[in-house]
Every structure is written in C-alpha cells, then in structure tokens.
Amino acid sequence: MKVPAMIAAELRRLTSNRMGIIALIALVCVPILYGGLYLWANQDPYSRFPDVPVALVVEDEGAPAPATGVDPATGAVPASTTTVNYGDDVAENLIEGNAFDWQRMTADEAADALREGSVDFTVTIPADFSAALTSAAGDDPHQARIELETNDANNYLASSMGTAAVEKIRSSVAQMVGSEAAERLLTGLSDVRDSLISATDGATQLTDGANTAGSGSSTLADGTAQLAAGTAQLAAGANSLAAGAQQVSDGNRQLADTADHAGAVVQRAADALPQVRADLTDAMVAQGLDQEQIDQVLAALDPLAGRLQDGNAQVQTAVGKIDQLADGAASVASGASELAGGAGAVATGAASANDGAVQLRDGLSTLAAGTAQLRDGLAGGVDAIPASTPDLRTLQADTIADPVKVSSDKVASAEDYGAGLAPFFAALSAWIGIYALFLIVKPISRRAITALHSPIRITLAGWLTPAMLGAVQMLGLMGILAITLGFTFNHPLGTLGVMFVASAAFAAIILALNVWLGSVGQFLGLVLMVLQLVTAGGTFPWQTLPAPLAALHHVLPLGYVVDAMRQLMYGGNLARAGWDLAVLALWMAGALVLAMIGVTRMTHRRTLRDLQPSLIG
C-alpha cells in the first residue's frame, strides 16, 4: 500500500458516517473559530474606550490668576483681579476629548458607582487644584494633585487604563500651566527689555554728560593750576611788599621820633623867649642901661624872636606831618602784612582748589568710563533679550512648556491591536487545530504496520493526513483574517506558507509524541501547548519572562512561528523569517525522524501497549 492510498483510507474512515463528517468539520473549524473569534473580539479595543464609563469629580474652587507684566511707573507686578479654575477647564477638555465615557459626579456618587461597578475608575480634581497650580508664583509653591481610584474587582486592566489616563491628564495640565507660566515670564522679559532700552538711553545721556563734565573739569584743573601759580607769585610779592613797608614804617618812625625831638627843642626854645627877654631886660637894667637902650636892644631881638616863633610853627607843622607819615607808614606796613597773610591763604586755597580740580577731573574720567561700561552692559542686555511680539511669545511659551515632540517611525507596522495579536493567535490556533485533529485521526495505521514493513511510508501517511487537514484549517483561518477581519498582509502568500509549514511541523511533533507515548504523548501535546503559550512572546516581549521560560522561548517552535508571521505580515526582516522557517523545518524533520524510529520499533517488535486501546482517539 502506497502513501496516497493510506491517506485516502484514513480520510474514508473519518467520513464513513454522518457523525464522523460532523466531527471532522467541527475539528477543522476549531482553529478558525478560536483564532477568528478571539481576534475579532480584540481587533481594536482602543477604539471602544469612549464606551468605558469613568466618573469625573471636580471639586476645584478656583484661585486668583497670576499677574502678568510690570507696571512701568513703579516697576512692580500689579495684583491680579481675575480668577482661574483649571479644574473646570480640565473637565471640559476631557469630556470634549471623548477618550472615555466621562460622567461628572459628586464624590459620594462616584464612590458608590465604583463600588457597584457602574464605572471602571474615578478621577477626582480636588478643591485646591487651581491654587496649587498657581502657587509657583507665590512663596509656598507646591504640586497639584489628581486623585485616581480604581476597583480591581471590576476589571484589573482598568487600573492600568486609569493610570495611563491620569498621566495623560497630568501631562496635558502641565503643558497648559507651563505654557501660561512661560508666557508670563516672556512677557516680563519683554517688559524688562523695554526698561533696559530706556535705561540704555539714560546711560547714554549720562555718559555724554560725564564726558562733557570731564572735559570741563580738565579745563577747570588747568585754570586752577594757573590760579595756584599766580596766587603763589602774589603771595611772594605781598611778602616782599610787607617787608618793604615795614622798613619804610620803621624809617618813618625814626624820622618822626627825630622830628618830634627837634620840634620839642624848638618848642622849648620858642617857649623860653619871653623869659629870655625878661632876663635880658633885667640884665641890661643891672648893667645900667637905660630904657632907650634896652628898647633898642629888645627892638633888635624881637624880630629874631618872631622868626623863631614862625620857625617853631613851621617846625611843629612839619613834625605833625612827619608823625602822620610815620602813622601812615605803620598803617601801610600793617596792611601790607595783612595782605601778605591773605595772599598766602589765597595761594594755599588756590593750591587746594587745584588739587580738588585734578581729583574732580580724574573722578569724572572714571565716571565717564563707568557710565560707558554701564551703557554697553545695558545695550548688551537689550541684545541678549530678543525683541518679541505677543504671537511670538505664545509660540515660545508653547515650545517651553512642551519642548520635545516625539517623531515616531516604524520599521514594520501592525495596523491595530488585533493585527498585533494575529501572529500569536494564528500560531496558537495551528497547534490547537492539529492537537484537536489527533483526537480522531489515527497517528499510525495498525493495518499498515501489520501489512507493511516500511516505516517511512507509514510515518509519512500518518503525518500527511493531519498535515493536509491542518493546511485546510490554516487556509480557512487566513480567509477569516484577511477577508472577515480585514487584516492586511505585506506578504500574504509568504504568511500563508508559514502557517502551512507551522501546521505541518506541529503535526509531525504531535505524531511523534503519539507514536512513542500514545495517549500520554497526546496529553504531553497539551502540556507543550501551555508551555508555548507562555514562552512564545506573543503578547509581552519574551525578555520579560523568568529566566527558565525565556530559555524555552529559544527552543520551542511556536515562538519562531510568531516571529516569522510578524516579519511577513508587517513587512519586517525577510531574512529573520527565513531563519524561523529553517528552525521549523528542523523541528519537523527531527519529529518525523523520531516518529519513523518509533514506527520501526513497532514494525519489528510489538508491545502490550501497542495492543491496548488508547484512552484518546
């Protein structure tokens, strides 16, 4: 009996009655129903999130809005007269965004709904939400809170969904508040820039004034230097004049003293004339001169007395003038002395004034340099703060609040969540389909073992029958994925080929288990399916597995089927798909060889187990 005849005989056996046909059709449909229904149910769950009920509790009481700008008159930030309520803004954005079925409730209503399962989780915006968001502008900055409450008794994944939702809310609020804060900051910087421009203009005027004052102080210093030199010469001349005047005064005083002495002598002589005349008369009388003679003598002497009186008057007049001259000379000497003292003080003051003028000139020069640095520094500050417009500041604030934009690209892309799971569940369906077929398909024909002694033909016939039926299963599953569910395939024929190879390899593996272990081998096929279910990396990356299970990922075939389908379905690395197919081919060849060895054993030596009916099949 040849291989096609053995396959045909087995198919006739399976379809020999109505129940057999129904059982065969049902088992062929198992992977189609399993893979199709599961992927249909999970094709795009994210698009149904707007149907997920979530309670939203808004208790925010609002807060004064942070002030913006600077009062140009006082330079102070004016107090705000408006209020903000970020809680209401967030609630409005959430409801309009329709990410979930947001339902505004009170705190008590939300707690009851979460406990009863009417909502999957609750989000609460507390009373101090706006106050906390605006606290950064005050002296008590603190973070705002968004409260998430879940109930794993309703749905465990709701906790993950709630955490992701709250994180998105937090990011959105942080961006909104950050944008407003950045715009306030930029507005303040714009005001500072305007003030710096005014300050720069003032510093420029101050610099020009300091330069003008410096030039004037240099002229003043030159003038005070000349004044100091002139007053020094004046002081020296005044000292010489005082010395000469003192000498003149001393000489005049000596002259006055001599004149006074001479005047006193002449005055005494003039005063003595009457007595001399009387004494002379008495002497002439004593000499016996007569009156006539006496008169003659006196007549001769009287003109002399008159001239003496006239001379005395002249002498006294001259003495008076000489005394006046002496007094005047003394006054002149005293004045010259005072002049010399005053001239010295003037010279000292002029020297001090010159020193002060020099210091003033140097100080104004330093001031001019300093004001020039101030002007340049203020001008640099103006250049460092770019000019802006309200629209530009809005764009800058948005960029500061959200500085990083994620630009994502995919080397290979699955169109949705269901397409992402399709390789895993298609591979798992292939194993389940083959496993189910072996519940009614005989692994090895007992008649063939008895009639033939060709392990190769017997093994091929036992393998090809479920492999062909498995191919039908995979063809039907491919139709469900591509037509009913609408999944797209970058390499549809290649994907279908991988599914055929996977089904054939799984048929060889389960065949070998049945040949060697019978019903125990069939049970081990179930155990092997469970192991591959957790090690294939179909949902989470295989790197997240515990070390022993991660090691099995590199050994068991299901993971290679999943990887090959991903590469071909999403447009990934075809070389990787080729390697995966090579590993599957090794599994298939090794399982067939192992099955052939088992069949060889059965054709040459029968055991009690071979004669006992299997519990399965």
# chains A, B, ... in the order shown; residues from 1 in each chain; ligands from 1
$ residues_around --residues "A:Ser413" --least-positions-apart "3" --cutoff "8 Å" --atoms "only C-alpha atoms" --output "list in words"
Lys410, Tyr570 and Gly571 of chain A
$ write_last_selection --atoms "N, CA and C atoms" --output "compact mmCIF listing (two decimals), in the first residue's frame"
# COMPACT_ATOMS: atom_id res chain seq x y z
N LYS A 410 8.19 53.45 12.18
CA LYS A 410 8.16 52.01 12.38
C LYS A 410 8.84 51.32 11.21
N TYR A 570 3.89 42.14 8.66
CA TYR A 570 4.09 43.59 8.86
C TYR A 570 5.13 44.19 7.92
N GLY A 571 5.83 43.37 7.15
CA GLY A 571 6.88 43.90 6.28
C GLY A 571 8.18 44.08 7.00
$ residues_around --residues "A:Met569" --least-positions-apart "6" --cutoff "8 Å" --atoms "only C-alpha atoms" --output "list in words"
Thr488, Phe489, Asn490, His491, Pro492 and Thr495 of chain A
$ residues_around --residues "A:Glu10" --least-positions-apart "2" --cutoff "8 Å" --atoms "only C-alpha atoms" --output "list in words"
Met6, Ile7, Ala8, Arg12, Arg13, Leu14, Val441, Lys442 and Thr465 of chain A
$ write_last_selection --atoms "C-alpha atoms" --output "PDB file, in the first residue's frame"
ATOM      1  CA  MET A   6      -3.119   5.088   3.140  1.00  0.00           C
ATOM      2  CA  ILE A   7      -4.132   8.758   3.302  1.00  0.00           C
ATOM      3  CA  ALA A   8      -7.270   8.058   1.292  1.00  0.00           C
ATOM      4  CA  ARG A  12     -12.622   7.414   4.178  1.00  0.00           C
ATOM      5  CA  ARG A  13     -12.615   6.197   7.732  1.00  0.00           C
ATOM      6  CA  LEU A  14     -13.112   9.715   9.068  1.00  0.00           C
ATOM      7  CA  VAL A 441      -7.108  10.891  13.315  1.00  0.00           C
ATOM      8  CA  LYS A 442      -5.149   7.716  13.928  1.00  0.00           C
ATOM      9  CA  THR A 465      -3.227  13.183   6.734  1.00  0.00           C
TER      10      THR A 465
END
$ residues_around --residues "stretch 127-143 of chain A" --least-positions-apart "4" --cutoff "6 Å" --atoms "only C-alpha atoms" --output "list of chain:residue names"
A:Glu59, A:Asp60, A:Glu61, A:Gly62, A:Ala63, A:Asn85, A:Tyr86
$ write_last_selection --atoms "N, CA and C atoms" --output "short mmCIF file (atom, residue, chain, number, x, y, z; two decimals), in the first residue's frame"
data_model
loop_
_atom_site.label_atom_id
_atom_site.label_comp_id
_atom_site.auth_asym_id
_atom_site.auth_seq_id
_atom_site.Cartn_x
_atom_site.Cartn_y
_atom_site.Cartn_z
N GLU A 59 -13.93 69.22 42.19
CA GLU A 59 -14.18 69.98 43.42
C GLU A 59 -13.37 71.28 43.47
N ASP A 60 -12.71 71.61 42.37
CA ASP A 60 -11.82 72.76 42.35
C ASP A 60 -12.58 74.05 42.65
N GLU A 61 -12.04 74.84 43.58
CA GLU A 61 -12.67 76.10 43.98
C GLU A 61 -12.09 77.31 43.25
N GLY A 62 -11.12 77.09 42.39
CA GLY A 62 -10.52 78.20 41.65
C GLY A 62 -9.50 78.95 42.48
N ALA A 63 -8.82 79.91 41.84
CA ALA A 63 -7.79 80.70 42.51
C ALA A 63 -7.55 81.98 41.71
N ASN A 85 -10.03 78.70 37.02
CA ASN A 85 -10.48 77.42 37.54
C ASN A 85 -10.02 76.35 36.57
N TYR A 86 -8.81 75.84 36.83
CA TYR A 86 -8.24 74.85 35.94
C TYR A 86 -9.01 73.53 36.00
#
$ closest_residue --among "A:Thr150, A:Thr317, A:Gln246, A:Gln267" --to "A:Leu114" --atoms "only C-alpha atoms"
A:Thr150
$ residues_around --residues "A:Leu298" --least-positions-apart "6" --cutoff "9 Å" --atoms "only C-alpha atoms" --output "list in words"
Arg277, Leu280 and Thr281 of chain A
$ write_last_selection --atoms "N, CA, C and O atoms" --output "PDB file, in the first residue's frame"
ATOM      1  N   ARG A 277      63.735 187.214  77.256  1.00  0.00           N
ATOM      2  CA  ARG A 277      63.591 188.653  77.044  1.00  0.00           C
ATOM      3  C   ARG A 277      63.562 189.362  78.394  1.00  0.00           C
ATOM      4  O   ARG A 277      64.172 190.436  78.624  1.00  0.00           O
ATOM      5  N   LEU A 280      66.916 189.139  79.970  1.00  0.00           N
ATOM      6  CA  LEU A 280      67.831 190.057  79.264  1.00  0.00           C
ATOM      7  C   LEU A 280      67.548 191.505  79.683  1.00  0.00           C
ATOM      8  O   LEU A 280      68.511 192.311  79.895  1.00  0.00           O
ATOM      9  N   THR A 281      66.304 191.816  79.864  1.00  0.00           N
ATOM     10  CA  THR A 281      65.963 193.180  80.293  1.00  0.00           C
ATOM     11  C   THR A 281      66.542 193.448  81.674  1.00  0.00           C
ATOM     12  O   THR A 281      67.121 194.520  81.966  1.00  0.00           O
TER      13      THR A 281
END
$ closest_residue --among "A:Ser352, A:Ser429, A:Asn239, A:Ser172" --to "A:Glu338" --atoms "only C-alpha atoms"
A:Asn239
$ residues_around --residues "stretch 50-57 of chain A" --least-positions-apart "5" --cutoff "10 Å" --atoms "only C-alpha atoms" --output "PyMOL selection string"
chain A and resi 87+91+94-95+97-111+113-114+117-126+147-149+158+162
$ residues_around --residues "A:Ala221" --least-positions-apart "3" --cutoff "8 Å" --atoms "only C-alpha atoms" --output "PyMOL selection string"
chain A and resi 217-218+224-225+354-355+357-358+361
